[in-house]
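Report on the structure given below.
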There are 2 protein chains.
Amino acid sequence: MDESLDPELFKALADPTRAALVACIAKCGRGCSVGEVAECCAVDLSVVSRHLALLARAGVLESEREGRTVRYRVRYREVTTALRALADAFDQCCPDGGCGGASC
Amino acid sequence: MDESLDPELFKALADPTRAALVACIAKCGRGCSVGEVAECCAVDLSVVSRHLALLARAGVLESEREGRTVRYRVRYREVTTALRALADAFDQCCPDGGCGGASC
DNA sequence: TGCATATTTGCATTATGACGCAAATACGCA
DNA sequence: TGCGTATTTGCGTCATAATGCAAATATGCA
């Protein structure tokens, strides 16, 4: 539970602007350049750059340089694994999902 | 995706103190009073009270008054459903998990 | 090299949120 | 009602982080 409940992942997704950026890249389904991602929200390009770097540090995105551009991609497997692990950890605290287990 | 990627839920879990409180209540497996929860971390009781109220507003916890005490419980079903829905939404953006789908 | 494009970084400003203390409120009980 | 316990709320302070602008850096190309 404590390991699955990593505040860093949630901090990364807690900001509305960052959430929009992640959704933008995820829906795009491919690697997106900083400039492309910046078009989907109203903040300055430099702000987008900082948000993407933060999301990469948090493990939500990964980046790769292609010439002058940097492409950011969603780390699907890592993110979904972390989310499901947390869901499983909650389930283990209340196995039957209705809080009618031995400890309830 | 956009609905599943609700910043409110993540904001609630993004703070280390709040994460500890949620873990405390979850591991406890039953409803806990504010005072009980406050024993598991170093912050003031009033801070705990505020955090629990915030978590309840975010849908992570639910509260019920029992006489003088207020018991907070984890909304297991809602939380796990939200987490898995988000994981599923990510999967739909990249079905095979290796980013080799139609859009990749 | 010199220039154009893409991204990052430095810096100041502003907004948000966590925290503790004290006071207020809610409730049960005598 | 009056008292004690549990919780919430008001308020000031402090830390963190979001933002925009300008400057710096990185890269490709003529």
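How things are named: the first chain in the structure tokens is A, the next is B, and so on; residues count from 1 in each chain; ligands count from 1 in the order shown.
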Closest atom pairs, residues of chain C within 10 Å of chain B, only C-alpha atoms (C1' of nucleotides), as a Markdown table:
```
| residue | atom | partner | partner_atom | distance |
| --- | --- | --- | --- | --- |
| C:DG17 | C1' | B:Asp15 | CA | 10.0 |
| C:DA18 | C1' | B:Val47 | CA | 8.3 |
| C:DC19 | C1' | B:Val47 | CA | 7.0 |
| C:DG20 | C1' | B:Asp44 | CA | 6.8 |
| C:DC21 | C1' | B:Asp44 | CA | 9.5 |
| C:DA26 | C1' | B:Arg68 | CA | 7.2 |
| C:DC27 | C1' | B:Arg68 | CA | 5.0 |
| C:DG28 | C1' | B:Arg68 | CA | 7.0 |
```
Atoms kept (N, CA, C and O atoms (P, O5', C5', C4', C3', O3' and C1' of nucleotides)) for selection, written as a short mmCIF file (atom, residue, chain, number, x, y, z; two decimals), in the first residue's frame:
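Wrote it out as selection-v3.cif, contents follow:
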```cif
data_model
loop_
_atom_site.label_atom_id
_atom_site.label_comp_id
_atom_site.auth_asym_id
_atom_site.auth_seq_id
_atom_site.Cartn_x
_atom_site.Cartn_y
_atom_site.Cartn_z
P DG C 17 -4.92 24.75 -4.27
"O5'" DG C 17 -4.02 24.22 -3.07
"C5'" DG C 17 -2.72 23.72 -3.36
"C4'" DG C 17 -1.91 23.62 -2.08
"C3'" DG C 17 -2.70 23.07 -0.87
"O3'" DG C 17 -1.88 22.14 -0.20
"C1'" DG C 17 -1.65 25.07 -0.30
P DA C 18 -2.52 21.00 0.69
"O5'" DA C 18 -1.46 20.87 1.87
"C5'" DA C 18 -0.07 20.89 1.56
"C4'" DA C 18 0.72 21.35 2.78
"C3'" DA C 18 0.21 20.78 4.11
"O3'" DA C 18 1.31 20.28 4.86
"C1'" DA C 18 0.29 23.17 4.20
P DC C 19 1.07 19.43 6.16
"O5'" DC C 19 1.16 20.49 7.34
"C5'" DC C 19 2.35 21.27 7.48
"C4'" DC C 19 2.15 22.39 8.46
"C3'" DC C 19 1.40 22.00 9.74
"O3'" DC C 19 2.34 21.74 10.77
"C1'" DC C 19 0.80 24.19 8.89
P DG C 20 1.88 21.14 12.16
"O5'" DG C 20 1.63 22.45 13.05
"C5'" DG C 20 2.62 23.46 13.09
"C4'" DG C 20 2.16 24.63 13.93
"C3'" DG C 20 1.47 24.24 15.24
"O3'" DG C 20 1.95 25.09 16.27
"C1'" DG C 20 0.00 25.57 13.91
P DC C 21 1.63 24.75 17.82
"O5'" DC C 21 0.62 25.90 18.24
"C5'" DC C 21 0.97 27.26 17.98
"C4'" DC C 21 -0.27 28.14 18.06
"C3'" DC C 21 -1.16 27.87 19.27
"O3'" DC C 21 -1.31 29.07 20.02
"C1'" DC C 21 -2.44 28.01 17.27
P DA C 26 -22.72 24.02 15.41
"O5'" DA C 26 -22.32 22.56 15.92
"C5'" DA C 26 -21.46 21.75 15.10
"C4'" DA C 26 -21.38 20.36 15.72
"C3'" DA C 26 -22.71 19.86 16.27
"O3'" DA C 26 -22.86 18.50 15.93
"C1'" DA C 26 -21.08 19.86 17.98
P DC C 27 -24.25 17.77 16.05
"O5'" DC C 27 -24.04 16.90 17.37
"C5'" DC C 27 -22.96 16.00 17.42
"C4'" DC C 27 -22.68 15.59 18.85
"C3'" DC C 27 -23.93 15.14 19.62
"O3'" DC C 27 -23.87 13.73 19.75
"C1'" DC C 27 -22.41 16.44 20.94
P DG C 28 -25.06 12.90 20.37
"O5'" DG C 28 -24.48 12.55 21.81
"C5'" DG C 28 -23.24 11.85 21.91
"C4'" DG C 28 -22.78 11.81 23.36
"C3'" DG C 28 -23.82 11.26 24.35
"O3'" DG C 28 -23.17 10.35 25.23
"C1'" DG C 28 -23.10 13.41 25.04
#
```
**Request:** Select residues of chain D: the criterion is any atom within 9 Å of an atom of chain B, counting only C-alpha atoms (C1' of nucleotides); output as a VMD selection string.
**Result:** chain D and resid 5 to 8
**Item:** Those in chain B with strand (DSSP E or B) from DSSP, as a list in words
**Value:** Cys32, Ser33, Leu61, Glu62, Ser63, Glu64, Arg65, Glu66, Thr69, Val70, Arg71, Tyr72, Arg73 and Val74 of chain B
Go ahead and dump the residues you just picked, N, CA, C and O atoms, as a tab-separated table (two decimals), in the first residue's frame.
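Once written, selection-v4.tsv looks like this:
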```tsv
chain	number	residue	atom	x	y	z
B	32	CYS	N	-12.25	5.16	11.00
B	32	CYS	CA	-11.36	5.68	12.03
B	32	CYS	C	-11.78	7.09	12.41
B	32	CYS	O	-12.17	7.88	11.55
B	33	SER	N	-11.67	7.40	13.69
B	33	SER	CA	-11.96	8.76	14.12
B	33	SER	C	-10.80	9.68	13.77
B	33	SER	O	-9.68	9.22	13.52
B	61	LEU	N	-12.58	9.36	0.63
B	61	LEU	CA	-13.11	8.91	1.91
B	61	LEU	C	-14.59	9.26	2.01
B	61	LEU	O	-15.10	10.09	1.25
B	62	GLU	N	-15.25	8.65	2.99
B	62	GLU	CA	-16.60	9.07	3.34
B	62	GLU	C	-16.63	9.19	4.85
B	62	GLU	O	-15.86	8.54	5.55
B	63	SER	N	-17.49	10.05	5.34
B	63	SER	CA	-17.53	10.27	6.78
B	63	SER	C	-18.92	10.05	7.32
B	63	SER	O	-19.91	10.17	6.61
B	64	GLU	N	-18.93	9.70	8.59
B	64	GLU	CA	-20.21	9.48	9.25
B	64	GLU	C	-20.03	9.87	10.71
B	64	GLU	O	-19.05	9.47	11.35
B	65	ARG	N	-20.95	10.62	11.19
B	65	ARG	CA	-20.87	11.05	12.58
B	65	ARG	C	-21.45	9.99	13.50
B	65	ARG	O	-22.52	9.45	13.24
B	66	GLU	N	-20.73	9.69	14.58
B	66	GLU	CA	-21.23	8.74	15.59
B	66	GLU	C	-21.07	9.43	16.93
B	66	GLU	O	-20.02	9.36	17.57
B	69	THR	N	-17.84	11.62	17.87
B	69	THR	CA	-16.75	11.32	16.95
B	69	THR	C	-17.25	11.22	15.50
B	69	THR	O	-18.41	10.93	15.25
B	70	VAL	N	-16.33	11.47	14.59
B	70	VAL	CA	-16.62	11.34	13.17
B	70	VAL	C	-15.73	10.23	12.64
B	70	VAL	O	-14.51	10.26	12.85
B	71	ARG	N	-16.31	9.25	12.00
B	71	ARG	CA	-15.51	8.15	11.47
B	71	ARG	C	-15.32	8.34	9.97
B	71	ARG	O	-16.28	8.58	9.24
B	72	TYR	N	-14.08	8.21	9.55
B	72	TYR	CA	-13.76	8.29	8.11
B	72	TYR	C	-13.41	6.89	7.62
B	72	TYR	O	-12.66	6.17	8.27
B	73	ARG	N	-13.98	6.56	6.48
B	73	ARG	CA	-13.70	5.26	5.85
B	73	ARG	C	-13.26	5.48	4.40
B	73	ARG	O	-13.65	6.46	3.77
B	74	VAL	N	-12.48	4.54	3.90
B	74	VAL	CA	-12.06	4.60	2.49
B	74	VAL	C	-13.22	4.15	1.61
B	74	VAL	O	-13.89	3.17	1.92
```
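Take the candidates A:Asp88, A:Glu36, A:Glu8, A:Asp2 and check each one against Ala23 of chain B using only C-alpha atoms; the shortest distance goes to A:Asp2.
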**Request:** Determine which residues of chain A receive a DSSP assignment of alpha helix (DSSP H), computed from the backbone, and state them as a PyMOL selection string.
**Result:** chain A and resi 7-14+16-28+34-38+45-57+76-93
For the residues in the current selection, export C-alpha atoms as a PDB file, in the first residue's frame.
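So the final result, stored in selection38.pdb, reads:
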```
ATOM      1  CA  PRO A   7       2.908  10.818  -3.959  1.00  0.00           C
ATOM      2  CA  GLU A   8       5.301  11.595  -6.819  1.00  0.00           C
ATOM      3  CA  LEU A   9       3.103   9.994  -9.440  1.00  0.00           C
ATOM      4  CA  PHE A  10       0.034  11.771  -8.123  1.00  0.00           C
ATOM      5  CA  LYS A  11       1.784  15.094  -7.809  1.00  0.00           C
ATOM      6  CA  ALA A  12       2.637  14.813 -11.470  1.00  0.00           C
ATOM      7  CA  LEU A  13      -0.988  14.233 -12.442  1.00  0.00           C
ATOM      8  CA  ALA A  14      -2.485  16.647  -9.922  1.00  0.00           C
ATOM      9  CA  PRO A  16      -4.803  20.449 -14.490  1.00  0.00           C
ATOM     10  CA  THR A  17      -2.395  21.737 -17.100  1.00  0.00           C
ATOM     11  CA  ARG A  18      -0.196  18.671 -16.788  1.00  0.00           C
ATOM     12  CA  ALA A  19      -3.214  16.378 -16.883  1.00  0.00           C
ATOM     13  CA  ALA A  20      -4.283  18.052 -20.118  1.00  0.00           C
ATOM     14  CA  LEU A  21      -0.825  17.598 -21.594  1.00  0.00           C
ATOM     15  CA  VAL A  22      -0.752  13.923 -20.685  1.00  0.00           C
ATOM     16  CA  ALA A  23      -4.226  13.412 -22.143  1.00  0.00           C
ATOM     17  CA  CYS A  24      -3.143  15.208 -25.283  1.00  0.00           C
ATOM     18  CA  ILE A  25      -0.126  12.973 -25.788  1.00  0.00           C
ATOM     19  CA  ALA A  26      -2.010   9.823 -24.815  1.00  0.00           C
ATOM     20  CA  LYS A  27      -4.854  10.484 -27.223  1.00  0.00           C
ATOM     21  CA  CYS A  28      -2.368  11.315 -29.901  1.00  0.00           C
ATOM     22  CA  VAL A  34       6.960  20.104 -27.258  1.00  0.00           C
ATOM     23  CA  GLY A  35       5.564  22.554 -29.769  1.00  0.00           C
ATOM     24  CA  GLU A  36       2.763  20.203 -30.792  1.00  0.00           C
ATOM     25  CA  VAL A  37       1.729  19.594 -27.224  1.00  0.00           C
ATOM     26  CA  ALA A  38       1.809  23.314 -26.486  1.00  0.00           C
ATOM     27  CA  LEU A  45       5.750  27.043 -24.507  1.00  0.00           C
ATOM     28  CA  SER A  46       8.370  27.282 -21.796  1.00  0.00           C
ATOM     29  CA  VAL A  47       5.787  26.219 -19.243  1.00  0.00           C
ATOM     30  CA  VAL A  48       4.892  23.205 -21.346  1.00  0.00           C
ATOM     31  CA  SER A  49       8.551  22.286 -21.605  1.00  0.00           C
ATOM     32  CA  ARG A  50       8.893  22.400 -17.835  1.00  0.00           C
ATOM     33  CA  HIS A  51       5.737  20.349 -17.288  1.00  0.00           C
ATOM     34  CA  LEU A  52       6.837  17.689 -19.728  1.00  0.00           C
ATOM     35  CA  ALA A  53      10.232  17.437 -18.066  1.00  0.00           C
ATOM     36  CA  LEU A  54       8.550  17.045 -14.697  1.00  0.00           C
ATOM     37  CA  LEU A  55       6.237  14.334 -16.041  1.00  0.00           C
ATOM     38  CA  ALA A  56       9.241  12.514 -17.430  1.00  0.00           C
ATOM     39  CA  ARG A  57      11.023  12.705 -14.077  1.00  0.00           C
ATOM     40  CA  TYR A  76       1.770   3.273 -20.879  1.00  0.00           C
ATOM     41  CA  ARG A  77       2.961   0.105 -19.259  1.00  0.00           C
ATOM     42  CA  GLU A  78       4.544   1.783 -16.255  1.00  0.00           C
ATOM     43  CA  VAL A  79       1.606   4.093 -15.613  1.00  0.00           C
ATOM     44  CA  THR A  80      -1.105   1.468 -15.948  1.00  0.00           C
ATOM     45  CA  THR A  81       0.905  -0.945 -13.822  1.00  0.00           C
ATOM     46  CA  ALA A  82       1.248   1.624 -11.056  1.00  0.00           C
ATOM     47  CA  LEU A  83      -2.454   2.498 -11.150  1.00  0.00           C
ATOM     48  CA  ARG A  84      -3.566  -1.123 -11.048  1.00  0.00           C
ATOM     49  CA  ALA A  85      -1.102  -1.964  -8.307  1.00  0.00           C
ATOM     50  CA  LEU A  86      -2.605   0.751  -6.158  1.00  0.00           C
ATOM     51  CA  ALA A  87      -6.120  -0.451  -6.923  1.00  0.00           C
ATOM     52  CA  ASP A  88      -5.049  -3.965  -5.926  1.00  0.00           C
ATOM     53  CA  ALA A  89      -3.517  -2.665  -2.717  1.00  0.00           C
ATOM     54  CA  PHE A  90      -6.811  -1.029  -1.798  1.00  0.00           C
ATOM     55  CA  ASP A  91      -8.658  -4.232  -2.610  1.00  0.00           C
ATOM     56  CA  GLN A  92      -6.404  -6.166  -0.269  1.00  0.00           C
ATOM     57  CA  CYS A  93      -7.493  -3.894   2.536  1.00  0.00           C
TER      58      CYS A  93
END
```
